[in-house]
Structures are given as structure tokens and as C-alpha cells.
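A.B. asks: Have a peek at run.txt (compact mmCIF, C-alpha atoms).
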# COMPACT_ATOMS: atom_id res chain seq x y z
CA MET A 1100 -9.74 38.79 -80.32
CA LYS A 1101 -11.15 35.97 -78.43
CA LYS A 1102 -10.83 36.13 -74.69
CA LEU A 1103 -8.75 33.43 -73.13
CA SER A 1104 -11.04 30.92 -71.54
CA ALA A 1105 -10.64 30.53 -67.78
CA ARG A 1106 -8.79 27.49 -66.64
CA ARG A 1107 -10.96 24.72 -65.43
CA ARG A 1108 -10.32 23.41 -61.90
CA HIS A 1109 -9.21 19.87 -61.54
CA PRO A 1110 -12.01 17.60 -60.24
CA LEU A 1111 -9.94 16.69 -57.16
CA ALA A 1112 -9.17 20.30 -56.25
CA ALA A 1113 -12.16 20.59 -53.95
CA VAL A 1114 -11.16 17.41 -52.14
CA VAL A 1115 -7.61 18.70 -51.64
CA VAL A 1116 -8.91 22.00 -50.25
CA LEU A 1117 -11.18 20.12 -47.85
CA LEU A 1118 -8.34 17.92 -46.64
CA LEU A 1119 -6.11 20.95 -46.09
CA ALA A 1120 -8.86 22.61 -44.08
CA LEU A 1121 -9.32 19.52 -41.93
CA ALA A 1122 -5.57 19.27 -41.43
CA ALA A 1123 -5.41 22.89 -40.35
CA THR A 1124 -8.29 22.35 -37.93
CA GLY A 1125 -6.61 19.25 -36.53
CA GLY A 1126 -3.38 21.14 -36.16
CA LEU A 1127 -5.11 23.86 -34.23
CA TYR A 1128 -6.73 21.25 -31.96
CA ALA A 1129 -3.44 19.50 -31.44
CA ALA A 1130 -1.85 22.82 -30.60
CA PHE A 1131 -4.48 24.05 -28.17
CA ALA A 1132 -6.37 21.02 -26.76
CA PRO A 1133 -3.47 19.45 -24.83
CA ALA A 1134 -2.56 22.79 -23.36
CA GLY A 1135 -6.15 23.26 -22.26
CA LYS A 1136 -6.26 19.80 -20.72
CA ALA A 1137 -2.93 20.36 -18.97
CA GLN A 1138 -4.21 23.65 -17.63
CA ALA A 1139 -7.38 21.95 -16.36
CA ASP A 1140 -5.33 19.23 -14.67
CA GLU A 1141 -3.11 21.85 -13.10
CA THR A 1142 -6.13 23.74 -11.82
CA ALA A 1143 -7.64 20.55 -10.34
CA GLN A 1144 -4.32 19.72 -8.67
CA SER A 1145 -4.10 23.24 -7.22
CA LEU A 1146 -7.61 22.92 -5.81
CA ALA A 1147 -6.75 19.55 -4.28
CA ILE A 1148 -3.65 21.03 -2.67
CA ASP A 1149 -5.63 23.96 -1.28
CA GLU A 1150 -8.30 21.67 0.18
CA GLY A 1151 -5.64 19.34 1.52
CA LYS A 1152 -3.88 22.23 3.25
CA LYS A 1153 -7.14 23.09 5.04
CA LEU A 1154 -7.56 19.49 6.23
CA TYR A 1155 -3.89 19.39 7.23
CA SER A 1156 -4.17 22.57 9.30
CA VAL A 1157 -7.03 21.07 11.32
CA GLY A 1158 -5.90 17.46 11.74
CA CYS A 1159 -2.12 17.31 11.31
CA ALA A 1160 -0.38 20.65 11.91
CA SER A 1161 -0.41 20.38 15.70
CA CYS A 1162 2.08 17.49 15.54
CA HIS A 1163 3.82 17.88 12.17
CA GLY A 1164 4.10 21.68 12.09
CA SER A 1165 2.23 24.29 10.09
CA GLY A 1166 4.37 23.65 7.02
CA GLY A 1167 5.10 19.96 7.53
CA GLN A 1168 8.52 20.72 8.96
CA GLY A 1169 7.95 18.48 11.98
CA THR A 1170 7.93 19.12 15.73
CA THR A 1171 8.91 17.27 18.87
CA ASP A 1172 5.58 15.46 18.62
CA GLY A 1173 5.79 14.40 14.97
CA PRO A 1174 8.38 13.92 12.21
CA SER A 1175 8.84 16.13 9.16
CA LEU A 1176 6.59 15.30 6.22
CA VAL A 1177 8.76 17.01 3.61
CA GLY A 1178 9.64 14.38 1.01
CA VAL A 1179 7.50 11.52 2.38
CA GLY A 1180 5.30 11.64 -0.72
CA SER A 1181 1.64 10.92 -1.35
CA ALA A 1182 2.07 7.15 -0.84
CA ALA A 1183 3.00 7.61 2.83
CA VAL A 1184 -0.07 9.78 3.44
CA ASP A 1185 -2.38 7.35 1.65
CA PHE A 1186 -1.03 4.49 3.78
CA GLN A 1187 -0.96 6.21 7.16
CA VAL A 1188 -4.30 8.00 6.84
CA GLY A 1189 -5.96 5.26 4.78
CA THR A 1190 -5.28 2.66 7.49
CA GLY A 1191 -6.40 4.95 10.31
CA ARG A 1192 -2.96 5.21 11.87
CA MET A 1193 -3.03 8.94 11.32
CA PRO A 1194 -4.10 11.18 12.89
CA ALA A 1195 -2.69 9.42 15.95
CA GLN A 1196 -4.82 9.20 19.09
CA GLN A 1197 -1.90 9.39 21.49
CA PRO A 1198 1.90 9.12 21.48
CA GLY A 1199 3.45 5.72 22.02
CA ALA A 1200 6.05 3.25 20.87
CA GLN A 1201 3.97 2.52 17.79
CA VAL A 1202 0.81 3.97 16.27
CA PRO A 1203 -1.79 1.20 15.84
CA LYS A 1204 -4.24 0.71 13.01
CA LYS A 1205 -7.71 2.04 13.81
CA LYS A 1206 -10.93 3.25 12.20
CA VAL A 1207 -10.38 5.58 9.24
CA ILE A 1208 -11.83 9.06 9.84
CA TYR A 1209 -11.31 10.57 6.36
CA ASN A 1210 -12.95 9.47 3.12
CA GLN A 1211 -10.80 8.65 0.08
CA ALA A 1212 -11.36 12.05 -1.55
CA GLU A 1213 -10.09 13.81 1.58
CA ILE A 1214 -7.15 11.41 1.82
CA ASP A 1215 -6.24 12.23 -1.79
CA GLN A 1216 -6.38 15.95 -0.97
CA LEU A 1217 -4.15 15.53 2.07
CA ALA A 1218 -1.75 13.45 -0.02
CA ALA A 1219 -1.67 16.14 -2.72
CA TYR A 1220 -0.77 18.82 -0.17
CA VAL A 1221 1.97 16.78 1.51
CA ALA A 1222 3.36 15.77 -1.88
CA SER A 1223 3.62 19.47 -2.77
CA LEU A 1224 6.03 19.96 0.15
CA GLY A 1225 8.68 17.78 -1.47
CA ALA A 1226 9.06 14.92 -3.93
CA GLY A 1227 8.53 11.41 -2.56
CA PRO A 1228 6.95 8.02 -3.34
CA ILE A 1229 3.74 8.40 -5.35
CA THR A 1230 0.49 6.58 -4.56
CA PRO A 1231 0.46 3.48 -6.80
CA THR A 1232 -2.13 2.89 -9.50
CA THR A 1233 -4.54 -0.04 -9.58
CA SER A 1234 -2.46 -1.83 -12.21
CA GLN A 1235 0.69 -1.47 -10.10
CA VAL A 1236 -0.81 -3.30 -7.13
CA ASP A 1237 -2.85 -5.90 -9.02
CA PRO A 1238 -1.29 -9.32 -8.21
CA SER A 1239 -3.05 -11.09 -11.11
CA GLY A 1240 -0.57 -13.32 -12.91
CA ALA A 1241 2.16 -12.77 -10.30
CA ASP A 1242 4.57 -15.54 -9.31
CA VAL A 1243 3.37 -16.74 -5.89
CA ALA A 1244 6.35 -19.06 -5.37
CA LYS A 1245 8.85 -16.29 -6.08
CA GLY A 1246 6.82 -13.99 -3.84
CA GLY A 1247 7.16 -16.54 -1.04
CA ASP A 1248 10.94 -16.61 -1.46
CA LEU A 1249 11.11 -12.81 -1.43
CA PHE A 1250 8.82 -12.57 1.59
CA ARG A 1251 10.78 -15.12 3.63
CA THR A 1252 14.02 -13.33 2.74
CA ASN A 1253 12.93 -9.75 3.40
CA CYS A 1254 9.81 -9.78 5.59
CA ALA A 1255 9.39 -13.00 7.59
CA GLN A 1256 11.89 -11.96 10.28
CA CYS A 1257 9.31 -9.48 11.58
CA HIS A 1258 5.95 -10.39 10.06
CA ASN A 1259 6.31 -14.17 10.45
CA PHE A 1260 6.47 -16.51 7.46
CA THR A 1261 2.71 -16.26 6.82
CA GLY A 1262 2.34 -12.56 7.64
CA GLU A 1263 0.70 -13.10 11.04
CA GLY A 1264 2.90 -10.44 12.64
CA GLY A 1265 5.22 -10.57 15.63
CA ALA A 1266 6.74 -8.69 18.53
CA LEU A 1267 9.72 -6.36 18.17
CA THR A 1268 11.80 -4.48 20.76
CA LYS A 1269 10.79 -1.57 23.01
CA GLY A 1270 7.06 -2.12 22.72
CA LYS A 1271 6.99 -2.16 18.93
CA TYR A 1272 5.55 -4.92 16.76
CA ALA A 1273 5.13 -6.01 13.16
CA PRO A 1274 1.37 -5.99 12.44
CA SER A 1275 -0.55 -8.83 10.87
CA LEU A 1276 -0.92 -8.57 7.09
CA GLU A 1277 -4.16 -10.53 6.99
CA GLY A 1278 -6.92 -8.45 5.42
CA VAL A 1279 -4.60 -5.60 4.40
CA SER A 1280 -5.38 -4.27 0.90
CA PRO A 1281 -2.80 -4.79 -1.88
CA LYS A 1282 -2.44 -1.01 -2.24
CA HIS A 1283 -1.51 -0.54 1.41
CA ILE A 1284 0.94 -3.47 1.31
CA TYR A 1285 2.59 -1.91 -1.75
CA GLU A 1286 2.73 1.53 -0.09
CA ALA A 1287 4.24 0.06 3.06
CA MET A 1288 7.03 -1.48 0.97
CA GLN A 1289 7.50 1.87 -0.80
CA THR A 1290 7.65 4.05 2.28
CA GLY A 1291 8.79 1.88 5.21
CA PRO A 1292 6.36 3.01 7.92
CA GLN A 1293 7.52 3.12 11.56
CA SER A 1294 10.07 0.33 12.20
CA MET A 1295 9.82 -1.17 8.71
CA PRO A 1296 12.60 -0.59 6.16
CA SER A 1297 11.61 0.83 2.78
CA PHE A 1298 11.93 -1.10 -0.48
CA PRO A 1299 11.95 1.43 -3.36
CA ASP A 1300 11.78 0.25 -6.96
CA SER A 1301 15.55 0.56 -7.20
CA THR A 1302 15.85 -2.11 -4.49
CA MET A 1303 12.72 -4.16 -5.13
CA PRO A 1304 11.15 -3.70 -8.59
CA GLU A 1305 7.41 -3.34 -9.08
CA GLN A 1306 6.99 -6.94 -10.26
CA GLU A 1307 8.65 -8.33 -7.12
CA LYS A 1308 6.27 -6.28 -4.98
CA LYS A 1309 3.38 -7.81 -6.91
CA ASP A 1310 4.81 -11.29 -6.29
CA ILE A 1311 4.96 -10.62 -2.55
CA ILE A 1312 1.39 -9.32 -2.52
CA ALA A 1313 0.23 -12.44 -4.36
CA TYR A 1314 1.99 -14.65 -1.79
CA ILE A 1315 0.44 -12.83 1.18
CA LYS A 1316 -3.03 -13.07 -0.34
CA THR A 1317 -2.54 -16.77 -1.10
CA VAL A 1318 -1.31 -17.92 2.33
CA ASN A 1319 -4.01 -15.89 4.09
CA GLY A 1320 -6.78 -16.87 1.70
CA ASP A 1321 -9.75 -19.06 2.62
CA GLU A 1322 -8.55 -21.78 0.24
CA SER A 1323 -5.09 -22.01 1.78
CA ALA A 1324 -4.46 -25.55 3.10
CA THR A 1325 -2.56 -26.41 6.29
CA PRO A 1326 -0.94 -29.80 5.62
CA GLY A 1327 0.81 -29.77 8.99
CA GLY A 1328 -2.45 -29.86 10.92
CA LEU A 1329 -3.29 -27.31 13.60
CA SER A 1330 -1.50 -24.09 12.66
CA LEU A 1331 -1.89 -22.35 16.02
CA GLY A 1332 -2.51 -19.09 14.18
CA GLY A 1333 0.49 -19.61 11.92
CA LEU A 1334 2.76 -18.02 14.48
CA GLY A 1335 5.55 -20.49 13.92
CA PRO A 1336 7.78 -22.70 16.11
CA VAL A 1337 7.75 -20.43 19.17
CA SER A 1338 4.02 -20.72 19.70
CA GLU A 1339 4.05 -24.41 18.79
CA GLY A 1340 6.91 -25.08 21.21
CA LEU A 1341 5.14 -23.16 23.95
CA PHE A 1342 2.00 -25.19 23.30
CA GLY A 1343 4.04 -28.38 23.54
CA TRP A 1344 5.69 -27.39 26.81
CA ILE A 1345 2.54 -26.19 28.53
CA PHE A 1346 0.11 -28.89 27.43
CA GLY A 1347 2.45 -31.74 26.49
CA LEU A 1348 4.83 -31.60 29.43
CA GLY A 1349 2.02 -30.48 31.73
CA GLY A 1350 0.02 -33.53 30.72
CA LEU A 1351 2.95 -35.83 31.38
CA ILE A 1352 3.44 -34.32 34.85
CA ALA A 1353 -0.26 -34.76 35.61
CA ILE A 1354 -0.10 -38.42 34.56
CA ALA A 1355 3.01 -38.99 36.64
CA VAL A 1356 1.33 -37.48 39.73
CA TRP A 1357 -1.76 -39.60 39.16
CA VAL A 1358 0.28 -42.80 38.82
CA ALA A 1359 2.32 -41.98 41.95
CA ALA A 1360 -0.83 -41.26 43.98
CA HIS A 1361 -2.51 -44.50 42.96
CA THR A 1362 0.69 -46.49 43.57
CA ALA A 1363 0.90 -45.11 47.12
CA LYS A 1364 -2.73 -46.04 47.78
CA ALA A 1365 -2.13 -49.54 46.46
CA LYS A 1366 0.84 -50.04 48.83
CA LYS A 1367 -1.16 -48.87 51.83
CA SER A 1368 -3.98 -51.28 51.10
Now, as a test, write the supplied structure out as C-alpha cells.
C.D. replies:
Amino acid sequence: MKKLSARRRHPLAAVVVLLLALAATGGLYAAFAPAGKAQADETAQSLAIDEGKKLYSVGCASCHGSGGQGTTDGPSLVGVGSAAVDFQVGTGRMPAQQPGAQVPKKKVIYNQAEIDQLAAYVASLGAGPITPTTSQVDPSGADVAKGGDLFRTNCAQCHNFTGEGGALTKGKYAPSLEGVSPKHIYEAMQTGPQSMPSFPDSTMPEQEKKDIIAYIKTVNGDESATPGGLSLGGLGPVSEGLFGWIFGLGGLIAIAVWVAAHTAKAKKS
């Protein structure tokens, strides 16, 4: 009897086997690669927290407590988030030089990598506002006019209508916003440093924060016009009124004295 001839493979069989192999390989990558990346990210975050804890122990623990619980010299940092650390340390306000009514801005003593490590450690103590990304603080395409309305409604009472700053009670003050980076303006709105109220996204959405940043950058920019003439630093009607009283009224008094003196001399002659 003749042996049955072996079945011939279909010409596309090899292609199907190859595709199945590639699919299996892709499935294995999909299964293991993200986990590996997540594990690497977790390891990097743990290292940042560890390094941040070391920096914290040296520069912050004496006032804020060994575990961020706060002391009589400094408030608790539990729940303030990484945004508060990035703002306070990134503007040089922290570590503070000395106690007072308000901690002023000064030279920054940490580099950005160290600030990020400190922020990672403090953020690990409790959930809080997160340091914004570059896209979150970029004011490109923002509505400057709307930002002006929002700023005058929520910020001008303390910072003045152009962000020049102003005095508050008990030795406190609202600092000038001229030259402040968009990231730090955004973080200040997120966290409400010192006497400032906070404006979380639930109260003021991200886009409105961008609009405010765009307004501040516009009114303090080199191309900003002053149609009213001499701005006197943009400090508003108080400074302008004071200028008027001192120089305007003072000039009128000086003229009156001069006229009276010359009139008396003319009568004597």
C-alpha cells in the first residue's frame, strides 16, 4: 500500500507563526516592562526621599521638628505638599534667618535638585499640593484681560493693582510680584504662604491661575505702557495723593510765603 503523503503546509503558515511569536513577545514586554519602569520610579522616589530627609535633618528639623510635626519655632509640615517646599525654599524664604512677623525673600541656598529632594521628603509626610509642571504654569495663550479681572478681585487688595506689593497689619506685607517666576506665583496661589489665602483648583481652576500669571507678566513687562504719565512705582492713589500733598501743597505754601514777603517789602519801600 502506498503511504499517505504528508500534508503540505499552507504558504502563509510561517507568517502566522511569526506573528504569533511577535505577539507573545510583545505581551511579555507589556506585562513586565511597565512593572520594571514603575519599580525604577519607585526606587528613584525612595532615594529622593532619603536624601531629602538628610537635608531636612540639617536645615529644617530644628524649627519644624524631627518628623515635620512642628515646634514652637515653626509650623507643622505634614500635608503642606511639595509645592509649598518648592516655593518657600526656591525663593530663599526657607530656611529662615531669624523669627519675625514675616519671613522675607532672600538668596537661595539650595540647588533645584536638593529642593526637589526636600520636597519629596516633606510630601511623604502627608498629601498636599504638588509642584506644578511647566505646562501648568505656562501663560502662553492665556486671557490677560480676564486675568486682570481675577487679580483685581482676589489679589489687588494686598498686592496692589499692578502687583507692586503693599503693607499689611502687625509688620506684615504683601511682597512685590515683579520678577517672580510663573511657577512660584502658581505655587503661592496653591499653598497660600504666610498671610496669603490659598486658591486650590477647586476654588480657582488651573486656567484662571494662568490668566493671572499672564496679567502680572504683562503689567510688569518692559513693553507695558503708562498712559497716565508718571506711575510713581504703580503704588496707586495713596502714593499719588501723598506726592500731591507734599509737593503740590508744599509748593503752593512756598509761593504764598514768597508773595507775602515781597508784598511786605514793597509796602516798606
A.B. asks: Using only C-alpha atoms, which residues sit within 12 Å of stretch 1152-1159 of chain A once same-chain residues fewer than 5 positions away are excluded, as number ranges by chain?
C.D. replies: A: 1145-1147, 1164-1170, 1172-1176, 1184, 1187-1188, 1193-1196, 1208-1210, 1212-1224
A.B. asks: What's the separation between atom CA of A:Lys1271 and atom CA of A:Asn1253, in Å to one decimal place?
C.D. replies: 18.3 Å
A.B. asks: Rank A:Ser1297, A:Gln1306, A:Asn1319, A:Gln1289 by their smallest atom-to-atom distance to A:Glu1277, using only C-alpha atoms, and report the top residue only.
C.D. replies: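 Ranked by minimum distance to A:Glu1277, first place goes to A:Asn1319.
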A.B. asks: So the first atom is atom CA of A:Met1288 and the second is atom CA of A:Gly1151; what is the distance between them in Å, to one decimal place?
C.D. replies: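 Going from atom CA of A:Met1288 over to atom CA of A:Gly1151, I get 24.4 Å.
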A.B. asks: Using the file's own x, y and z axes, so that the box edges lie along x, y and z, what centre and edge lengths in Å (one decimal) does a box around every listed atom of stretch 1357-1363 of chain A get when 6 Å is added on each side? Give it as AutoDock Vina command-line options.
C.D. replies:
--center_x -0.1 --center_y -43.0 --center_z 43.0 --size_x 16.8 --size_y 18.9 --size_z 20.3
A.B. asks: Quick one, how far is atom CA of A:Ala1313 from atom CA of A:Lys1204?
C.D. replies: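 One can read the atom CA of A:Ala1313 to atom CA of A:Lys1204 distance as 22.2 Å.
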A.B. asks: For A:Arg1192, which residue out of A:Leu1348, A:Ala1360, A:Ala1139, A:Val1207 is the nearest one, using all atoms listed in the file?
C.D. replies: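 Checking each candidate against A:Arg1192, we get A:Val1207 as the closest.
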A.B. asks: Using only C-alpha atoms, which of A:Gly1178, A:Gly1347, A:Gly1291, A:Pro1238 sits nearest A:Glu1307?
C.D. replies: A:Pro1238
A.B. asks: Tell me, as a compact mmCIF listing (two decimals) with C-alpha atoms, in the frame of the given file, which residues lie within 10 Å of A:Gly1270, counting all atoms listed in the file; anything in the same chain fewer than 4 positions away does not count.
C.D. replies:
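The resulting around.txt:
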# COMPACT_ATOMS: atom_id res chain seq x y z
CA GLY A 1199 3.45 5.72 22.02
CA ALA A 1200 6.05 3.25 20.87
CA GLN A 1201 3.97 2.52 17.79
CA ALA A 1266 6.74 -8.69 18.53
